[in-house]
Amino acid sequence: MVGRITRGVTLRALVVLTALAAIVAMALWAGTGLRAADTVEISRGHADVGILRDGSSWKVAVKDGTGSTPTWRDASDVVLRVSDQARQQLPAGDEYRFLGSAGDMIHLIPQTQAEGVLWLGWNTQHSSVRAADPRTITFAVSKKQGPGDLHIYLDYGGFRPPRQLWGPGRSQPVSVPVDTHTHANWAFSEPGRYVVDFTAQITEKDGSRRSATGQLQFLVGDEAVVTSPTGRWEVWGPTALAIGLVVVAALVTIRRILRH
């Protein structure tokens, strides 16, 4: 009798454990934001990174101007494709030495619009930004993940050397006044998937300081693929594996108990 009771209690405990593991797995799946069906890939045409005010807080968003009506999208819902049509060879001379050696191939989002290639800028023109009219806004960009280097720079058409805004070891904030719209060159040294932190620092009218950071995901090259729209597969993958092993172990134990 005691053995049957113990076996019954153990069986119920394992069933509960399995159910809890399944619930945790579903919750973590939802928390990773794996929403491939809702993700928009922008590979050509005009888009801007910017900020908008959401209640009392600020967030980073992408203005998708590729459709008939421009749409502001959450940064985590956008994938920016830099196709092989954007490949360029670095010229001779010292002006672009910070990008690599003469003859090296890079993928370049150009400062001026090119047919069939993504044209990415940034702006502070959202209606909520104009309405809030903050004292100061700064933007900073830094690469979080990626197989190569990312350089963002301004070109002056040969009148003076290019000015590098952000790149390896260079992520200083740049002041961006309200109602500003700017384009620059985004140069990627290697194809692959890049995750980039775009950070805004805002000083409100009353002097209070706010910040917002969004992750931009770039797929550089025609063959680059996405593992997660939010770039968080690296966290979810090991967790999912651990939970899966717990579930399998529980099911195997239940089966053994039932056989005896």
# chains A, B, ... in the order shown; residues from 1 in each chain; ligands from 1

call {"tool": "residues_around", "arguments": {"residues": "region 109-125 of chain A", "least_positions_apart": "4", "cutoff": "8 Å", "atoms": "only C-alpha atoms", "output": "ChimeraX atom specification"}}
result
/A:42-51,80-83,85-86,129-130,154-155,176-187

call {"tool": "write_last_selection", "arguments": {"atoms": "N, CA, C and O atoms", "output": "compact mmCIF listing (two decimals), in the first residue's frame"}}
result
# COMPACT_ATOMS: atom_id res chain seq x y z
N ILE A 42 13.27 45.55 -44.84
CA ILE A 42 13.40 46.69 -45.75
C ILE A 42 14.73 46.54 -46.47
O ILE A 42 15.79 46.53 -45.84
N SER A 43 14.70 46.43 -47.77
CA SER A 43 15.92 46.18 -48.54
C SER A 43 16.20 47.24 -49.58
O SER A 43 17.27 47.24 -50.19
N ARG A 44 15.25 48.13 -49.81
CA ARG A 44 15.47 49.20 -50.77
C ARG A 44 14.54 50.36 -50.44
O ARG A 44 13.56 50.19 -49.72
N GLY A 45 14.87 51.52 -50.94
CA GLY A 45 14.03 52.68 -50.66
C GLY A 45 14.44 53.37 -49.37
O GLY A 45 15.42 53.03 -48.71
N HIS A 46 13.62 54.33 -48.98
CA HIS A 46 13.97 55.24 -47.89
C HIS A 46 13.47 54.76 -46.53
O HIS A 46 12.32 54.34 -46.39
N ALA A 47 14.34 54.83 -45.54
CA ALA A 47 13.97 54.56 -44.15
C ALA A 47 14.84 55.43 -43.25
O ALA A 47 15.96 55.80 -43.62
N ASP A 48 14.31 55.76 -42.08
CA ASP A 48 15.05 56.55 -41.09
C ASP A 48 14.94 55.90 -39.73
O ASP A 48 13.89 55.36 -39.38
N VAL A 49 16.00 55.97 -38.96
CA VAL A 49 15.96 55.62 -37.54
C VAL A 49 15.67 56.92 -36.78
O VAL A 49 16.18 57.98 -37.14
N GLY A 50 14.86 56.83 -35.75
CA GLY A 50 14.55 58.04 -34.99
C GLY A 50 13.96 57.69 -33.64
O GLY A 50 14.02 56.54 -33.19
N ILE A 51 13.41 58.67 -32.99
CA ILE A 51 12.79 58.47 -31.69
C ILE A 51 11.37 59.03 -31.72
O ILE A 51 11.02 59.86 -32.57
N LEU A 80 16.83 45.21 -41.58
CA LEU A 80 17.37 46.07 -42.64
C LEU A 80 18.33 45.25 -43.50
O LEU A 80 19.37 44.80 -43.02
N ARG A 81 17.96 45.07 -44.75
CA ARG A 81 18.77 44.24 -45.66
C ARG A 81 19.68 45.12 -46.50
O ARG A 81 19.23 46.04 -47.17
N VAL A 82 20.97 44.81 -46.47
CA VAL A 82 21.95 45.49 -47.31
C VAL A 82 22.37 44.47 -48.37
O VAL A 82 23.21 43.61 -48.12
N SER A 83 21.77 44.54 -49.53
CA SER A 83 21.93 43.50 -50.54
C SER A 83 23.30 43.56 -51.19
O SER A 83 24.07 44.52 -51.02
N GLN A 85 23.83 44.15 -54.10
CA GLN A 85 23.84 45.27 -55.04
C GLN A 85 24.53 46.49 -54.42
O GLN A 85 24.95 47.41 -55.14
N ALA A 86 24.68 46.48 -53.10
CA ALA A 86 25.33 47.60 -52.40
C ALA A 86 26.84 47.41 -52.26
O ALA A 86 27.50 48.21 -51.59
N VAL A 129 8.02 64.28 -31.09
CA VAL A 129 9.28 64.96 -30.79
C VAL A 129 9.09 66.47 -30.95
O VAL A 129 9.52 67.26 -30.10
N ARG A 130 8.41 66.86 -32.00
CA ARG A 130 8.16 68.28 -32.21
C ARG A 130 7.29 68.85 -31.09
O ARG A 130 7.52 69.98 -30.61
N LEU A 154 30.23 60.71 -42.89
CA LEU A 154 29.70 61.70 -43.82
C LEU A 154 30.71 61.97 -44.91
O LEU A 154 31.92 62.05 -44.66
N ASP A 155 30.22 62.09 -46.14
CA ASP A 155 31.07 62.42 -47.27
C ASP A 155 30.76 63.85 -47.72
O ASP A 155 29.62 64.29 -47.66
N VAL A 176 21.73 66.15 -32.26
CA VAL A 176 20.77 66.17 -33.37
C VAL A 176 19.59 67.07 -32.95
O VAL A 176 18.76 66.65 -32.14
N PRO A 177 19.49 68.27 -33.47
CA PRO A 177 18.40 69.16 -33.09
C PRO A 177 17.03 68.60 -33.50
O PRO A 177 16.92 67.73 -34.37
N VAL A 178 15.99 69.12 -32.87
CA VAL A 178 14.63 68.76 -33.23
C VAL A 178 14.37 69.14 -34.69
O VAL A 178 14.87 70.15 -35.18
N ASP A 179 13.60 68.29 -35.38
CA ASP A 179 13.20 68.52 -36.78
C ASP A 179 14.39 68.41 -37.73
O ASP A 179 14.45 69.10 -38.75
N THR A 180 15.32 67.50 -37.41
CA THR A 180 16.48 67.25 -38.26
C THR A 180 16.30 65.96 -39.04
O THR A 180 15.77 64.97 -38.53
N HIS A 181 16.77 65.96 -40.28
CA HIS A 181 16.75 64.76 -41.12
C HIS A 181 18.10 64.65 -41.81
O HIS A 181 18.49 65.56 -42.55
N THR A 182 18.84 63.55 -41.54
CA THR A 182 20.21 63.40 -42.03
C THR A 182 20.44 62.02 -42.62
O THR A 182 19.90 61.03 -42.11
N HIS A 183 21.26 61.97 -43.66
CA HIS A 183 21.71 60.70 -44.21
C HIS A 183 23.24 60.66 -44.18
O HIS A 183 23.90 61.69 -44.30
N ALA A 184 23.77 59.45 -44.00
CA ALA A 184 25.22 59.24 -43.98
C ALA A 184 25.51 57.92 -44.67
O ALA A 184 24.60 57.22 -45.14
N ASN A 185 26.78 57.57 -44.73
CA ASN A 185 27.20 56.29 -45.29
C ASN A 185 27.33 55.26 -44.17
O ASN A 185 27.95 55.55 -43.14
N TRP A 186 26.78 54.06 -44.39
CA TRP A 186 26.90 52.94 -43.44
C TRP A 186 27.72 51.86 -44.15
O TRP A 186 27.23 51.23 -45.09
N ALA A 187 28.96 51.66 -43.73
CA ALA A 187 29.86 50.73 -44.41
C ALA A 187 30.09 49.49 -43.55
O ALA A 187 30.50 49.59 -42.39

call {"tool": "residues_around", "arguments": {"residues": "Leu150 (chain A)", "least_positions_apart": "3", "cutoff": "9 Å", "atoms": "only C-alpha atoms", "output": "mmCIF file with N, CA and C atoms, in the first residue's frame"}}
result
data_model
loop_
_atom_site.group_PDB
_atom_site.id
_atom_site.type_symbol
_atom_site.label_atom_id
_atom_site.label_comp_id
_atom_site.auth_asym_id
_atom_site.auth_seq_id
_atom_site.Cartn_x
_atom_site.Cartn_y
_atom_site.Cartn_z
ATOM 1 N N LEU A 99 38.367 52.585 -43.610
ATOM 2 C CA LEU A 99 37.442 51.525 -43.993
ATOM 3 C C LEU A 99 38.159 50.232 -44.385
ATOM 4 N N SER A 142 26.535 51.949 -31.830
ATOM 5 C CA SER A 142 27.652 51.036 -31.562
ATOM 6 C C SER A 142 27.245 49.630 -31.971
ATOM 7 N N LYS A 143 28.181 48.923 -32.582
ATOM 8 C CA LYS A 143 27.920 47.544 -33.002
ATOM 9 C C LYS A 143 27.954 46.626 -31.794
ATOM 10 N N GLY A 146 28.319 41.082 -34.853
ATOM 11 C CA GLY A 146 28.517 41.111 -36.288
ATOM 12 C C GLY A 146 29.878 40.574 -36.679
ATOM 13 N N TRP A 166 30.680 57.311 -36.293
ATOM 14 C CA TRP A 166 30.724 56.166 -35.390
ATOM 15 C C TRP A 166 31.455 55.024 -36.081
ATOM 16 N N GLY A 167 32.139 54.233 -35.279
ATOM 17 C CA GLY A 167 32.867 53.094 -35.802
ATOM 18 C C GLY A 167 33.535 52.358 -34.665
ATOM 19 N N PRO A 168 34.425 51.408 -34.966
ATOM 20 C CA PRO A 168 35.110 50.663 -33.909
ATOM 21 C C PRO A 168 35.832 51.607 -32.950
ATOM 22 N N TRP A 186 26.776 54.062 -44.386
ATOM 23 C CA TRP A 186 26.900 52.944 -43.441
ATOM 24 C C TRP A 186 27.720 51.862 -44.155
ATOM 25 N N ALA A 187 28.959 51.661 -43.730
ATOM 26 C CA ALA A 187 29.860 50.728 -44.407
ATOM 27 C C ALA A 187 30.091 49.487 -43.552
ATOM 28 N N PHE A 188 29.848 48.316 -44.127
ATOM 29 C CA PHE A 188 30.028 47.027 -43.457
ATOM 30 C C PHE A 188 31.189 46.290 -44.126
ATOM 31 N N SER A 189 32.169 45.896 -43.327
ATOM 32 C CA SER A 189 33.374 45.296 -43.901
ATOM 33 C C SER A 189 33.182 43.842 -44.320
ATOM 34 N N GLU A 190 32.221 43.138 -43.727
ATOM 35 C CA GLU A 190 32.003 41.725 -44.027
ATOM 36 C C GLU A 190 30.511 41.454 -44.126
ATOM 37 N N TYR A 194 24.313 41.644 -38.381
ATOM 38 C CA TYR A 194 24.810 42.617 -37.415
ATOM 39 C C TYR A 194 23.665 43.070 -36.517
#

call {"tool": "residues_around", "arguments": {"residues": "Gln217 (chain A)", "least_positions_apart": "3", "cutoff": "12 Å", "atoms": "only C-alpha atoms", "output": "VMD selection string"}}
result
chain A and resid 39 to 42 49 62 74 to 82 143 to 146 192 to 198 214 220 224 to 232

call {"tool": "select_by_dssp", "arguments": {"residues": "region 48-119 of chain A", "states": "helix (DSSP H, G or I)", "output": "list in words"}}
result
Ala75, Ser76, Asp77, Asp84, Gln85, Ala86, Arg97, Phe98 and Leu99 of chain A

call {"tool": "atom_distance", "arguments": {"atom1": "CA of Lys59 (chain A)", "atom2": "CA of Ser171 (chain A)"}}
result
19.1 Å

call {"tool": "atom_distance", "arguments": {"atom1": "CA of Leu108 (chain A)", "atom2": "CA of Ile137 (chain A)"}}
result
26.5 Å

call {"tool": "atom_distance", "arguments": {"atom1": "CA of Pro70 (chain A)", "atom2": "CA of Ser57 (chain A)"}}
result
22.5 Å

call {"tool": "residues_around", "arguments": {"residues": "Ser128 (chain A)", "least_positions_apart": "4", "cutoff": "7 Å", "atoms": "only C-alpha atoms", "output": "tab-separated table (two decimals) with N, CA and C atoms, in the first residue's frame"}}
result
chain	number	residue	atom	x	y	z
A	52	LEU	N	10.58	58.54	-30.81
A	52	LEU	CA	9.24	59.09	-30.61
A	52	LEU	C	8.90	58.98	-29.14
A	53	ARG	N	7.98	59.80	-28.71
A	53	ARG	CA	7.56	59.79	-27.32
A	53	ARG	C	6.34	58.90	-27.18
A	132	ALA	N	7.03	67.71	-27.95
A	132	ALA	CA	7.79	67.75	-26.70
A	132	ALA	C	8.86	68.83	-26.73

call {"tool": "select_by_dssp", "arguments": {"residues": "region 14-241 of chain A", "states": "strand (DSSP E)", "output": "MDAnalysis selection string"}}
result
chainID A and resid 40:42 45:54 57:64 71:74 78:82 87:89 105:109 118:123 136:145 150:154 163:166 174:175 181:183 185:188 192:203 209:220
